[in-house]
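Structure file input-v9.cif (mmCIF, C-alpha atoms) follows.
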data_data
loop_
_atom_site.group_PDB
_atom_site.id
_atom_site.type_symbol
_atom_site.label_atom_id
_atom_site.label_comp_id
_atom_site.auth_asym_id
_atom_site.auth_seq_id
_atom_site.Cartn_x
_atom_site.Cartn_y
_atom_site.Cartn_z
ATOM 1 C CA MET A 29 43.082 24.952 -56.281
ATOM 2 C CA HIS A 30 41.204 27.866 -54.711
ATOM 3 C CA ALA A 31 37.853 26.246 -55.637
ATOM 4 C CA ILE A 32 38.913 22.936 -54.066
ATOM 5 C CA ARG A 33 39.953 24.716 -50.850
ATOM 6 C CA LYS A 34 36.561 26.472 -50.816
ATOM 7 C CA LEU A 35 34.776 23.124 -51.186
ATOM 8 C CA LEU A 36 36.829 21.572 -48.393
ATOM 9 C CA VAL A 37 36.061 24.500 -46.055
ATOM 10 C CA ALA A 38 32.355 24.234 -46.905
ATOM 11 C CA ALA A 39 32.418 20.473 -46.314
ATOM 12 C CA GLY A 40 34.189 21.061 -42.996
ATOM 13 C CA ILE A 41 31.541 23.548 -41.877
ATOM 14 C CA ALA A 42 28.757 21.142 -42.912
ATOM 15 C CA ALA A 43 30.437 18.314 -40.988
ATOM 16 C CA ALA A 44 30.780 20.529 -37.910
ATOM 17 C CA VAL A 45 27.104 21.501 -38.124
ATOM 18 C CA VAL A 46 26.068 17.838 -38.423
ATOM 19 C CA ALA A 47 28.328 16.896 -35.484
ATOM 20 C CA ALA A 48 26.919 19.686 -33.325
ATOM 21 C CA GLY A 49 23.346 19.009 -34.424
ATOM 22 C CA PRO A 50 22.017 16.553 -31.808
ATOM 23 C CA ALA A 51 23.888 18.185 -28.918
ATOM 24 C CA ALA A 52 22.714 21.666 -29.843
ATOM 25 C CA ALA A 53 19.112 20.644 -30.527
ATOM 26 C CA GLN A 54 17.118 21.921 -27.569
ATOM 27 C CA THR A 55 14.534 19.690 -25.947
ATOM 28 C CA LYS A 56 11.567 21.601 -24.548
ATOM 29 C CA LEU A 57 9.833 19.926 -21.588
ATOM 30 C CA LYS A 58 6.615 20.645 -19.674
ATOM 31 C CA TRP A 59 6.714 20.241 -15.879
ATOM 32 C CA ALA A 60 3.234 20.430 -14.296
ATOM 33 C CA HIS A 61 1.819 20.615 -10.780
ATOM 34 C CA VAL A 62 -1.285 21.867 -8.939
ATOM 35 C CA TYR A 63 0.372 24.160 -6.353
ATOM 36 C CA GLU A 64 0.430 27.961 -6.162
ATOM 37 C CA THR A 65 3.355 30.035 -7.458
ATOM 38 C CA SER A 66 4.163 31.209 -3.912
ATOM 39 C CA GLU A 67 4.655 27.659 -2.596
ATOM 40 C CA PRO A 68 8.096 26.007 -2.292
ATOM 41 C CA TYR A 69 6.972 23.144 -4.563
ATOM 42 C CA HIS A 70 6.759 25.698 -7.385
ATOM 43 C CA THR A 71 9.690 28.002 -6.581
ATOM 44 C CA GLU A 72 12.066 25.059 -6.153
ATOM 45 C CA SER A 73 10.794 23.393 -9.353
ATOM 46 C CA VAL A 74 11.620 26.610 -11.224
ATOM 47 C CA TRP A 75 15.082 26.550 -9.633
ATOM 48 C CA ALA A 76 15.497 22.881 -10.673
ATOM 49 C CA ALA A 77 14.405 23.611 -14.255
ATOM 50 C CA GLU A 78 17.074 26.345 -14.563
ATOM 51 C CA GLU A 79 19.682 24.143 -12.888
ATOM 52 C CA ILE A 80 19.025 21.201 -15.246
ATOM 53 C CA LYS A 81 19.334 23.600 -18.201
ATOM 54 C CA LYS A 82 22.647 24.874 -16.826
ATOM 55 C CA ARG A 83 24.116 21.426 -16.087
ATOM 56 C CA THR A 84 23.130 20.050 -19.509
ATOM 57 C CA ASN A 85 24.586 23.078 -21.334
ATOM 58 C CA GLY A 86 21.157 24.294 -22.406
ATOM 59 C CA LYS A 87 20.002 20.990 -23.880
ATOM 60 C CA PHE A 88 16.823 20.827 -21.765
ATOM 61 C CA ASP A 89 14.572 23.863 -21.651
ATOM 62 C CA ILE A 90 11.967 23.078 -18.979
ATOM 63 C CA GLN A 91 8.912 25.229 -18.399
ATOM 64 C CA VAL A 92 7.067 24.786 -15.098
ATOM 65 C CA PHE A 93 3.259 25.034 -15.242
ATOM 66 C CA PRO A 94 1.811 25.746 -11.754
ATOM 67 C CA ALA A 95 -1.671 25.914 -10.237
ATOM 68 C CA SER A 96 -3.377 23.208 -12.349
ATOM 69 C CA SER A 97 -2.737 25.213 -15.544
ATOM 70 C CA LEU A 98 -2.200 21.929 -17.437
ATOM 71 C CA GLY A 99 -5.028 20.164 -15.597
ATOM 72 C CA LYS A 100 -6.037 18.761 -12.220
ATOM 73 C CA GLU A 101 -3.839 16.199 -10.468
ATOM 74 C CA THR A 102 -5.620 13.257 -12.134
ATOM 75 C CA ASP A 103 -5.142 14.920 -15.557
ATOM 76 C CA ILE A 104 -1.430 15.579 -15.200
ATOM 77 C CA ASN A 105 -0.833 12.014 -13.953
ATOM 78 C CA GLN A 106 -2.630 10.686 -17.045
ATOM 79 C CA GLY A 107 -0.646 13.148 -19.190
ATOM 80 C CA MET A 108 2.572 11.349 -18.238
ATOM 81 C CA ALA A 109 1.353 8.235 -20.076
ATOM 82 C CA LEU A 110 -0.263 10.176 -22.924
ATOM 83 C CA GLY A 111 2.887 12.204 -23.583
ATOM 84 C CA THR A 112 1.199 15.596 -23.044
ATOM 85 C CA VAL A 113 3.218 16.246 -19.846
ATOM 86 C CA ASP A 114 6.918 15.454 -19.345
ATOM 87 C CA MET A 115 7.447 15.896 -15.589
ATOM 88 C CA ILE A 116 5.145 16.307 -12.582
ATOM 89 C CA ILE A 117 5.106 16.741 -8.831
ATOM 90 C CA SER A 118 2.272 14.701 -7.346
ATOM 91 C CA GLY A 119 1.191 12.824 -4.228
ATOM 92 C CA PRO A 120 1.994 9.090 -4.302
ATOM 93 C CA SER A 121 -1.722 8.300 -3.853
ATOM 94 C CA PHE A 122 -2.069 8.844 -7.623
ATOM 95 C CA ALA A 123 0.862 6.513 -8.377
ATOM 96 C CA ALA A 124 -0.827 3.987 -6.050
ATOM 97 C CA ARG A 125 -3.775 3.757 -8.476
ATOM 98 C CA SER A 126 -1.572 1.836 -10.895
ATOM 99 C CA TYR A 127 0.929 0.510 -8.316
ATOM 100 C CA PRO A 128 -0.861 0.048 -4.950
ATOM 101 C CA ARG A 129 2.246 -0.874 -2.915
ATOM 102 C CA ILE A 130 3.518 2.733 -2.922
ATOM 103 C CA GLY A 131 0.318 3.861 -1.159
ATOM 104 C CA ILE A 132 1.614 2.530 2.164
ATOM 105 C CA ALA A 133 3.045 6.037 2.714
ATOM 106 C CA TYR A 134 -0.508 7.071 3.696
ATOM 107 C CA TYR A 135 -0.881 4.437 6.398
ATOM 108 C CA PRO A 136 -1.404 6.378 9.670
ATOM 109 C CA PHE A 137 1.638 6.894 11.927
ATOM 110 C CA ILE A 138 4.005 5.007 9.596
ATOM 111 C CA PHE A 139 6.308 8.069 9.626
ATOM 112 C CA ARG A 140 7.414 9.784 12.828
ATOM 113 C CA ASP A 141 8.152 13.120 11.127
ATOM 114 C CA ALA A 142 9.583 14.844 8.036
ATOM 115 C CA ASP A 143 13.087 13.442 8.559
ATOM 116 C CA HIS A 144 11.715 9.891 8.710
ATOM 117 C CA LEU A 145 9.826 10.404 5.433
ATOM 118 C CA ILE A 146 12.971 11.724 3.692
ATOM 119 C CA ALA A 147 15.053 8.831 5.116
ATOM 120 C CA TYR A 148 12.424 6.454 3.673
ATOM 121 C CA SER A 149 12.796 8.128 0.257
ATOM 122 C CA LYS A 150 16.507 7.141 0.314
ATOM 123 C CA SER A 151 15.945 3.607 1.647
ATOM 124 C CA PRO A 152 16.291 0.225 -0.133
ATOM 125 C CA VAL A 153 12.560 -0.518 0.326
ATOM 126 C CA PHE A 154 11.605 2.696 -1.491
ATOM 127 C CA ALA A 155 14.236 2.104 -4.213
ATOM 128 C CA GLU A 156 12.599 -1.278 -4.820
ATOM 129 C CA MET A 157 9.166 0.392 -5.168
ATOM 130 C CA VAL A 158 10.595 2.985 -7.577
ATOM 131 C CA ASP A 159 12.009 0.198 -9.780
ATOM 132 C CA GLU A 160 8.757 -1.783 -9.725
ATOM 133 C CA PHE A 161 6.696 1.343 -10.455
ATOM 134 C CA ARG A 162 8.953 2.166 -13.439
ATOM 135 C CA LYS A 163 8.719 -1.416 -14.751
ATOM 136 C CA LYS A 164 4.935 -1.200 -14.566
ATOM 137 C CA THR A 165 4.372 2.343 -15.908
ATOM 138 C CA GLY A 166 7.664 3.490 -17.434
ATOM 139 C CA ILE A 167 7.582 6.520 -15.101
ATOM 140 C CA GLN A 168 10.717 7.308 -13.078
ATOM 141 C CA ILE A 169 10.333 8.791 -9.576
ATOM 142 C CA THR A 170 13.444 10.876 -8.913
ATOM 143 C CA ALA A 171 12.729 12.693 -5.636
ATOM 144 C CA TYR A 172 10.412 13.008 -2.617
ATOM 145 C CA THR A 173 9.442 16.304 -0.971
ATOM 146 C CA TYR A 174 7.932 16.692 2.487
ATOM 147 C CA TYR A 175 4.436 18.189 2.239
ATOM 148 C CA GLY A 176 3.484 18.458 5.881
ATOM 149 C CA ALA A 177 2.145 16.487 8.829
ATOM 150 C CA ARG A 178 -1.610 16.330 9.310
ATOM 151 C CA HIS A 179 -2.663 17.494 12.768
ATOM 152 C CA THR A 180 -6.085 17.707 14.436
ATOM 153 C CA THR A 181 -7.909 20.889 15.457
ATOM 154 C CA SER A 182 -10.906 20.807 17.768
ATOM 155 C CA ASN A 183 -12.990 22.844 20.193
ATOM 156 C CA ARG A 184 -12.520 20.007 22.668
ATOM 157 C CA PRO A 185 -8.832 19.390 23.499
ATOM 158 C CA PHE A 186 -7.598 15.803 24.004
ATOM 159 C CA ASN A 187 -4.189 14.255 24.592
ATOM 160 C CA ASP A 188 -4.672 10.603 23.685
ATOM 161 C CA CYS A 189 -6.707 8.295 21.465
ATOM 162 C CA ALA A 190 -9.417 7.731 24.105
ATOM 163 C CA GLY A 191 -9.982 11.505 24.254
ATOM 164 C CA MET A 192 -11.264 11.435 20.645
ATOM 165 C CA LYS A 193 -14.209 9.187 21.532
ATOM 166 C CA GLY A 194 -17.458 10.580 20.123
ATOM 167 C CA LEU A 195 -15.688 13.572 18.493
ATOM 168 C CA LYS A 196 -17.500 14.703 15.338
ATOM 169 C CA ILE A 197 -14.576 15.324 12.991
ATOM 170 C CA ARG A 198 -14.439 16.238 9.324
ATOM 171 C CA VAL A 199 -12.051 14.043 7.316
ATOM 172 C CA PRO A 200 -11.639 13.432 3.566
ATOM 173 C CA ASP A 201 -13.644 10.415 2.391
ATOM 174 C CA VAL A 202 -10.526 8.238 2.022
ATOM 175 C CA PRO A 203 -9.840 5.053 4.070
ATOM 176 C CA ALA A 204 -6.352 6.168 5.180
ATOM 177 C CA TYR A 205 -7.671 9.475 6.535
ATOM 178 C CA MET A 206 -10.625 7.826 8.276
ATOM 179 C CA ALA A 207 -8.549 5.097 9.976
ATOM 180 C CA THR A 208 -7.297 7.151 12.955
ATOM 181 C CA PRO A 209 -10.603 8.763 14.036
ATOM 182 C CA LYS A 210 -12.428 5.437 13.567
ATOM 183 C CA ALA A 211 -9.835 3.553 15.635
ATOM 184 C CA CYS A 212 -10.267 6.071 18.467
ATOM 185 C CA GLY A 213 -14.073 5.917 18.450
ATOM 186 C CA ALA A 214 -14.583 9.363 16.902
ATOM 187 C CA ASN A 215 -17.339 10.094 14.420
ATOM 188 C CA PRO A 216 -15.603 10.854 11.079
ATOM 189 C CA THR A 217 -17.812 12.979 8.821
ATOM 190 C CA PRO A 218 -16.870 13.636 5.173
ATOM 191 C CA ILE A 219 -17.583 17.259 4.146
ATOM 192 C CA ALA A 220 -16.384 18.992 0.949
ATOM 193 C CA PHE A 221 -13.137 20.858 1.592
ATOM 194 C CA ALA A 222 -14.615 24.215 0.553
ATOM 195 C CA GLU A 223 -17.348 23.867 3.211
ATOM 196 C CA VAL A 224 -15.165 22.930 6.196
ATOM 197 C CA TYR A 225 -14.807 26.453 7.665
ATOM 198 C CA LEU A 226 -18.573 26.983 7.694
ATOM 199 C CA ALA A 227 -19.200 23.491 9.132
ATOM 200 C CA LEU A 228 -16.805 24.242 12.013
ATOM 201 C CA GLN A 229 -18.299 27.687 12.520
ATOM 202 C CA ASN A 230 -21.901 26.485 12.763
ATOM 203 C CA GLY A 231 -21.063 23.330 14.745
ATOM 204 C CA THR A 232 -21.965 20.741 12.075
ATOM 205 C CA VAL A 233 -18.615 19.243 13.083
ATOM 206 C CA GLU A 234 -16.423 20.163 16.052
ATOM 207 C CA ALA A 235 -13.025 19.136 14.653
ATOM 208 C CA GLN A 236 -10.980 18.660 11.447
ATOM 209 C CA GLU A 237 -7.468 17.551 10.442
ATOM 210 C CA ASN A 238 -4.954 19.107 8.038
ATOM 211 C CA PRO A 239 -1.318 20.278 7.879
ATOM 212 C CA LEU A 240 -0.569 23.475 9.864
ATOM 213 C CA THR A 241 0.011 25.389 6.618
ATOM 214 C CA THR A 242 -3.550 24.509 5.503
ATOM 215 C CA ILE A 243 -4.982 25.384 8.934
ATOM 216 C CA GLU A 244 -3.373 28.809 8.432
ATOM 217 C CA ALA A 245 -4.369 29.266 4.777
ATOM 218 C CA LYS A 246 -8.010 28.251 5.343
ATOM 219 C CA LYS A 247 -8.213 30.199 8.648
ATOM 220 C CA PHE A 248 -9.541 27.174 10.560
ATOM 221 C CA PHE A 249 -7.778 28.602 13.640
ATOM 222 C CA GLU A 250 -10.493 31.284 13.771
ATOM 223 C CA VAL A 251 -13.182 28.686 14.533
ATOM 224 C CA GLN A 252 -11.198 26.177 16.640
ATOM 225 C CA LYS A 253 -9.797 26.357 20.170
ATOM 226 C CA ALA A 254 -7.037 23.731 20.204
ATOM 227 C CA ILE A 255 -4.491 22.048 17.938
ATOM 228 C CA MET A 256 -3.467 18.502 18.812
ATOM 229 C CA LEU A 257 -0.107 17.638 17.222
ATOM 230 C CA THR A 258 -1.234 14.151 16.190
ATOM 231 C CA GLY A 259 0.928 14.020 13.032
ATOM 232 C CA HIS A 260 -1.156 10.981 12.065
ATOM 233 C CA ILE A 261 -0.274 11.177 8.375
ATOM 234 C CA VAL A 262 3.058 12.633 7.269
ATOM 235 C CA ASP A 263 2.499 13.598 3.671
ATOM 236 C CA GLY A 264 4.902 13.915 0.761
ATOM 237 C CA LEU A 265 5.056 14.643 -2.972
ATOM 238 C CA THR A 266 7.047 12.747 -5.585
ATOM 239 C CA THR A 267 8.887 14.244 -8.564
ATOM 240 C CA GLN A 268 8.318 12.071 -11.630
ATOM 241 C CA VAL A 269 9.736 11.954 -15.164
ATOM 242 C CA ALA A 270 7.620 10.523 -18.003
ATOM 243 C CA PRO A 271 8.795 7.411 -19.907
ATOM 244 C CA HIS A 272 9.035 9.219 -23.273
ATOM 245 C CA VAL A 273 11.633 11.523 -21.660
ATOM 246 C CA TRP A 274 13.443 9.217 -19.201
ATOM 247 C CA ASN A 275 14.104 6.474 -21.775
ATOM 248 C CA LYS A 276 15.856 8.956 -24.099
ATOM 249 C CA LEU A 277 18.220 10.311 -21.430
ATOM 250 C CA ASN A 278 21.776 8.996 -21.298
ATOM 251 C CA ASP A 279 23.251 7.931 -17.938
ATOM 252 C CA ALA A 280 24.884 11.306 -17.281
ATOM 253 C CA GLU A 281 21.589 13.118 -17.984
ATOM 254 C CA LYS A 282 19.633 10.707 -15.764
ATOM 255 C CA LYS A 283 22.077 11.523 -12.959
ATOM 256 C CA ILE A 284 21.636 15.268 -13.505
ATOM 257 C CA PHE A 285 17.810 15.019 -13.445
ATOM 258 C CA THR A 286 17.966 12.878 -10.272
ATOM 259 C CA ASP A 287 20.574 14.988 -8.447
ATOM 260 C CA VAL A 288 18.896 18.318 -9.240
ATOM 261 C CA THR A 289 15.335 17.259 -8.401
ATOM 262 C CA ARG A 290 16.593 15.780 -5.108
ATOM 263 C CA GLU A 291 18.377 19.026 -4.255
ATOM 264 C CA ALA A 292 15.173 20.938 -5.054
ATOM 265 C CA ALA A 293 13.120 18.518 -2.926
ATOM 266 C CA GLN A 294 15.482 19.025 0.022
ATOM 267 C CA ARG A 295 15.293 22.826 -0.334
ATOM 268 C CA ALA A 296 11.473 22.724 -0.403
ATOM 269 C CA THR A 297 11.397 20.262 2.536
ATOM 270 C CA ASP A 298 13.569 22.586 4.652
ATOM 271 C CA LYS A 299 11.223 25.521 3.930
ATOM 272 C CA ILE A 300 8.087 23.534 4.861
ATOM 273 C CA LYS A 301 9.686 22.282 8.114
ATOM 274 C CA LYS A 302 10.717 25.830 9.043
ATOM 275 C CA ARG A 303 7.203 27.168 8.352
ATOM 276 C CA GLU A 304 5.565 24.439 10.439
ATOM 277 C CA ALA A 305 7.770 25.277 13.433
ATOM 278 C CA GLU A 306 6.925 28.987 13.084
ATOM 279 C CA LEU A 307 3.200 28.232 12.858
ATOM 280 C CA VAL A 308 3.127 26.330 16.168
ATOM 281 C CA ASP A 309 4.374 29.514 17.856
ATOM 282 C CA GLU A 310 2.070 31.773 15.849
ATOM 283 C CA PHE A 311 -1.036 29.729 16.711
ATOM 284 C CA ARG A 312 -0.025 29.748 20.368
ATOM 285 C CA LYS A 313 0.219 33.566 20.219
ATOM 286 C CA LYS A 314 -3.282 33.676 18.723
ATOM 287 C CA GLY A 315 -4.505 31.997 21.911
ATOM 288 C CA LEU A 316 -4.914 28.431 20.667
ATOM 289 C CA GLN A 317 -4.068 25.564 22.980
ATOM 290 C CA ILE A 318 -1.257 23.405 21.498
ATOM 291 C CA VAL A 319 -1.302 19.797 22.741
ATOM 292 C CA ASN A 320 1.503 17.238 22.371
ATOM 293 C CA VAL A 321 -0.420 13.948 22.350
ATOM 294 C CA ASP A 322 0.431 10.447 23.579
ATOM 295 C CA ARG A 323 1.355 9.121 20.145
ATOM 296 C CA LYS A 324 1.608 5.463 21.210
ATOM 297 C CA SER A 325 -2.070 5.345 22.212
ATOM 298 C CA PHE A 326 -3.008 6.244 18.611
ATOM 299 C CA VAL A 327 -0.490 3.883 16.966
ATOM 300 C CA ASP A 328 -1.707 0.931 19.057
ATOM 301 C CA ALA A 329 -5.393 1.637 18.321
ATOM 302 C CA VAL A 330 -4.845 2.005 14.565
ATOM 303 C CA LEU A 331 -2.720 -1.164 14.307
ATOM 304 C CA LYS A 332 -5.413 -3.067 16.182
ATOM 305 C CA SER A 333 -8.457 -1.846 14.230
ATOM 306 C CA THR A 334 -7.005 -1.131 10.758
ATOM 307 C CA THR A 335 -3.979 -3.321 10.084
ATOM 308 C CA PRO A 336 -1.685 -2.590 7.122
ATOM 309 C CA GLU A 337 -2.916 -5.899 5.627
ATOM 310 C CA SER A 338 -6.571 -4.780 5.836
ATOM 311 C CA MET A 339 -5.640 -1.814 3.615
ATOM 312 C CA GLY A 340 -3.871 -4.026 1.084
ATOM 313 C CA PHE A 341 -0.287 -3.518 2.291
ATOM 314 C CA THR A 342 2.237 -6.005 3.703
ATOM 315 C CA ARG A 343 3.474 -6.215 7.276
ATOM 316 C CA ALA A 344 7.007 -6.662 5.859
ATOM 317 C CA ASP A 345 6.906 -3.230 4.171
ATOM 318 C CA TYR A 346 5.370 -1.657 7.290
ATOM 319 C CA ASP A 347 8.058 -3.116 9.582
ATOM 320 C CA LYS A 348 10.909 -2.070 7.260
ATOM 321 C CA ILE A 349 9.618 1.500 6.971
ATOM 322 C CA VAL A 350 8.946 1.934 10.719
ATOM 323 C CA ALA A 351 12.487 0.653 11.475
ATOM 324 C CA ILE A 352 14.188 3.303 9.273
ATOM 325 C CA LYS A 353 16.255 5.670 11.401
#

Using the file provided, produce a representation of the structure as structure tokens.
Amino acid sequence: MHAIRKLLVAAGIAAAVVAAGPAAAQTKLKWAHVYETSEPYHTESVWAAEEIKKRTNGKFDIQVFPASSLGKETDINQGMALGTVDMIISGPSFAARSYPRIGIAYYPFIFRDADHLIAYSKSPVFAEMVDEFRKKTGIQITAYTYYGARHTTSNRPFNDCAGMKGLKIRVPDVPAYMATPKACGANPTPIAFAEVYLALQNGTVEAQENPLTTIEAKKFFEVQKAIMLTGHIVDGLTTQVAPHVWNKLNDAEKKIFTDVTREAAQRATDKIKKREAELVDEFRKKGLQIVNVDRKSFVDAVLKSTTPESMGFTRADYDKIVAIK
């Protein structure tokens, strides 16, 4: 009798172990990005990784790899398909390589500000793009973080599109970034990012454009006299989950991944917005002229010279996005 009881107890323990097996098995995930450890994109990703672990009772153990430690942005985007990376934060311009429609976010002046970009990320038109992107690539976009608005610095202040005429300005060699200066009759000049400070200092170019946080980090304010708050491109980053992970999640887990990454995106967005507001004041204190420009003059010029259609987008998407309140 005693032996039978022993066998039953042993069988019970074995059954319990088998039952607990899948739930207790920990899934280790790699979350990669190219930003520094001090930046909100990293600190909030670390928070999200811990929060997902907590809300899934330890099932998902996510390690965040910052500062291109798992590869450059192109590499980590490819890693999502190859299965070498499980989650990333990346600009939608990389997603647009396989799904061009999502690249409309880079069309100049499509977003008024950070709040407009975040409202877009919660809109039906973006939800449709997310679904189409997942059907095409298997990748699920869960959240959108505000990265910053690109503004123009120059030694020659201007307050409207006409004031840019003839301005020799450094811009990245990308159609979306060149559209605004070209529309206003400026002379856009591509120069490697690492050489911009020197080019401004020695007068090779007299202007450049970047988010305020970059203008601070790269010390462009030392070699420029004015900042025009053009906000011509309002930039964002998407949080993405690879197909080999997303397809194995149950509905409750999908909700946790979505909810947590959205909370993290909002936290990071709030920090970036706060820093931008502080920087306007700090640059003013450093003696730079801060100019609020006539935005409509730029919008009209860009729409006339570089239509959404000419860049491969649809007027329907443009109109829907601009109308979002």

- Reference answer for the PyMOL selection byres ((chain A and resi 258) around 12), as number ranges by chain: A: 136-137, 139-141, 177-182, 185-189, 192, 208-209, 236-240, 254-257, 259-262, 318-327

- Coordinates-based distance that separates atom CA of Glu67 of chain A from atom CA of Val113 of chain A (Å, one decimal):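 Interatomic distance, atom CA of Val113 of chain A to atom CA of Glu67 of chain A: 20.7 Å.
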
- Using all atoms listed in the file, which residues sit within 12 Å of Val202 of chain A once same-chain residues fewer than 3 positions away are excluded, as a PyMOL selection string? chain A and resi 121+134-135+198-199+205-208+216-219+339

Just the selected residues (C-alpha atoms), exported as an mmCIF file, in the coordinates of the input, please.
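Now in selection.cif:
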data_model
loop_
_atom_site.group_PDB
_atom_site.id
_atom_site.type_symbol
_atom_site.label_atom_id
_atom_site.label_comp_id
_atom_site.auth_asym_id
_atom_site.auth_seq_id
_atom_site.Cartn_x
_atom_site.Cartn_y
_atom_site.Cartn_z
ATOM 1 C CA SER A 121 -1.722 8.300 -3.853
ATOM 2 C CA TYR A 134 -0.508 7.071 3.696
ATOM 3 C CA TYR A 135 -0.881 4.437 6.398
ATOM 4 C CA ARG A 198 -14.439 16.238 9.324
ATOM 5 C CA VAL A 199 -12.051 14.043 7.316
ATOM 6 C CA TYR A 205 -7.671 9.475 6.535
ATOM 7 C CA MET A 206 -10.625 7.826 8.276
ATOM 8 C CA ALA A 207 -8.549 5.097 9.976
ATOM 9 C CA THR A 208 -7.297 7.151 12.955
ATOM 10 C CA PRO A 216 -15.603 10.854 11.079
ATOM 11 C CA THR A 217 -17.812 12.979 8.821
ATOM 12 C CA PRO A 218 -16.870 13.636 5.173
ATOM 13 C CA ILE A 219 -17.583 17.259 4.146
ATOM 14 C CA MET A 339 -5.640 -1.814 3.615
#

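Here, the PyMOL selection byres ((chain A and resi 91) around 10) matches A:Lys56, A:Leu57, A:Lys58, A:Trp59, A:Ala60, A:Ser73, A:Val74, A:Ala77, A:Glu78, A:Phe88, A:Asp89, A:Ile90, A:Val92, A:Phe93, A:Pro94, A:Met115.
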
- Query: Between A:Ala133, A:Tyr127, A:Ala190, A:Glu72, which is the closest to Asp159 of chain A once you count only C-alpha atoms?
  - Reply: A:Tyr127

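Residue nearest Phe285 of chain A, chosen from A:Arg125, A:Lys150, A:Lys299, A:Arg83 and counting only C-alpha atoms: A:Arg83.
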
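Between atom CA of Gly340 of chain A and atom CA of Tyr148 of chain A lies a distance of 19.5 Å.
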
- Query: Could you name the residues that touch Gln229 of chain A at 10 Å or less, counting only C-alpha atoms, but leaving out those on the same chain fewer than 2 positions away, as a PyMOL selection string?
  - Reply: chain A and resi 224-227+231-234+248+250-252

- Task: Please write as a ChimeraX atom specification the full residue list that the PyMOL selection byres ((chain A and resi 124) around 12) yields on this file.
- Result: /A:105,118-123,125-134,157-158,160-161,164-165,266,340-341

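The residue that comes closest to Asp287 of chain A, out of A:Ala204, A:Ala171, A:Cys212, A:Ile104 and on the basis of all atoms listed in the file, is A:Ala171.
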
- Query: Taking all atoms listed in the file into account, which of A:Thr71, A:Thr102, A:Ser338, A:Thr241 comes nearest Pro203 of chain A?
  - Reply: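 Between A:Thr71, A:Thr102, A:Ser338, A:Thr241, the residue approaching Pro203 of chain A most closely is A:Ser338.
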
- Message: So, with all atoms listed in the file as the atoms that count, which of A:Glu244, A:Glu281, A:Asp201, A:Asp143 lies closest to Lys82 of chain A?
- Response: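 Looking only at the distances to Lys82 of chain A, the closest residue turns out to be A:Glu281.
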
- Task: Quote the spacing between atom CA of Ala220 of chain A and atom CA of Phe249 of chain A in Å to one decimal place.
- Result: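 Between atom CA of Ala220 of chain A and atom CA of Phe249 of chain A the gap works out to 18.1 Å.
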
- Quick one: of A:Gly176, A:Pro336, A:Gly107, A:Gly213, who's nearest to Thr297 of chain A, counting all atoms listed in the file?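 The shortest atom-to-atom distance to Thr297 of chain A comes from A:Gly176.
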
Could I see segment 249-260 of chain A restored to N, CA and C atoms, set down as a PDB file, in the coordinates of the input?
ATOM      1  N   PHE A 249      -8.117  28.203  12.275  1.00  0.00           N
ATOM      2  CA  PHE A 249      -7.778  28.602  13.640  1.00  0.00           C
ATOM      3  C   PHE A 249      -8.776  29.616  14.206  1.00  0.00           C
ATOM      4  N   GLU A 250      -9.501  30.293  13.316  1.00  0.00           N
ATOM      5  CA  GLU A 250     -10.493  31.284  13.771  1.00  0.00           C
ATOM      6  C   GLU A 250     -11.713  30.616  14.418  1.00  0.00           C
ATOM      7  N   VAL A 251     -11.965  29.359  14.054  1.00  0.00           N
ATOM      8  CA  VAL A 251     -13.182  28.686  14.533  1.00  0.00           C
ATOM      9  C   VAL A 251     -12.867  27.405  15.312  1.00  0.00           C
ATOM     10  N   GLN A 252     -11.613  27.326  15.829  1.00  0.00           N
ATOM     11  CA  GLN A 252     -11.198  26.177  16.640  1.00  0.00           C
ATOM     12  C   GLN A 252     -10.408  26.680  17.846  1.00  0.00           C
ATOM     13  N   LYS A 253     -10.454  25.898  18.934  1.00  0.00           N
ATOM     14  CA  LYS A 253      -9.797  26.357  20.170  1.00  0.00           C
ATOM     15  C   LYS A 253      -8.454  25.684  20.438  1.00  0.00           C
ATOM     16  N   ALA A 254      -8.266  24.481  19.883  1.00  0.00           N
ATOM     17  CA  ALA A 254      -7.037  23.731  20.204  1.00  0.00           C
ATOM     18  C   ALA A 254      -6.480  23.014  18.980  1.00  0.00           C
ATOM     19  N   ILE A 255      -5.156  22.850  18.978  1.00  0.00           N
ATOM     20  CA  ILE A 255      -4.491  22.048  17.938  1.00  0.00           C
ATOM     21  C   ILE A 255      -3.745  20.915  18.625  1.00  0.00           C
ATOM     22  N   MET A 256      -4.138  19.690  18.300  1.00  0.00           N
ATOM     23  CA  MET A 256      -3.467  18.502  18.812  1.00  0.00           C
ATOM     24  C   MET A 256      -2.435  18.053  17.778  1.00  0.00           C
ATOM     25  N   LEU A 257      -1.168  17.992  18.172  1.00  0.00           N
ATOM     26  CA  LEU A 257      -0.107  17.638  17.222  1.00  0.00           C
ATOM     27  C   LEU A 257      -0.064  16.117  17.030  1.00  0.00           C
ATOM     28  N   THR A 258      -1.112  15.605  16.389  1.00  0.00           N
ATOM     29  CA  THR A 258      -1.234  14.151  16.190  1.00  0.00           C
ATOM     30  C   THR A 258      -0.265  13.639  15.124  1.00  0.00           C
ATOM     31  N   GLY A 259       0.010  14.456  14.093  1.00  0.00           N
ATOM     32  CA  GLY A 259       0.928  14.020  13.032  1.00  0.00           C
ATOM     33  C   GLY A 259       0.587  12.635  12.502  1.00  0.00           C
ATOM     34  N   HIS A 260      -0.725  12.355  12.375  1.00  0.00           N
ATOM     35  CA  HIS A 260      -1.156  10.981  12.065  1.00  0.00           C
ATOM     36  C   HIS A 260      -0.814  10.549  10.652  1.00  0.00           C
TER      37      HIS A 260
END
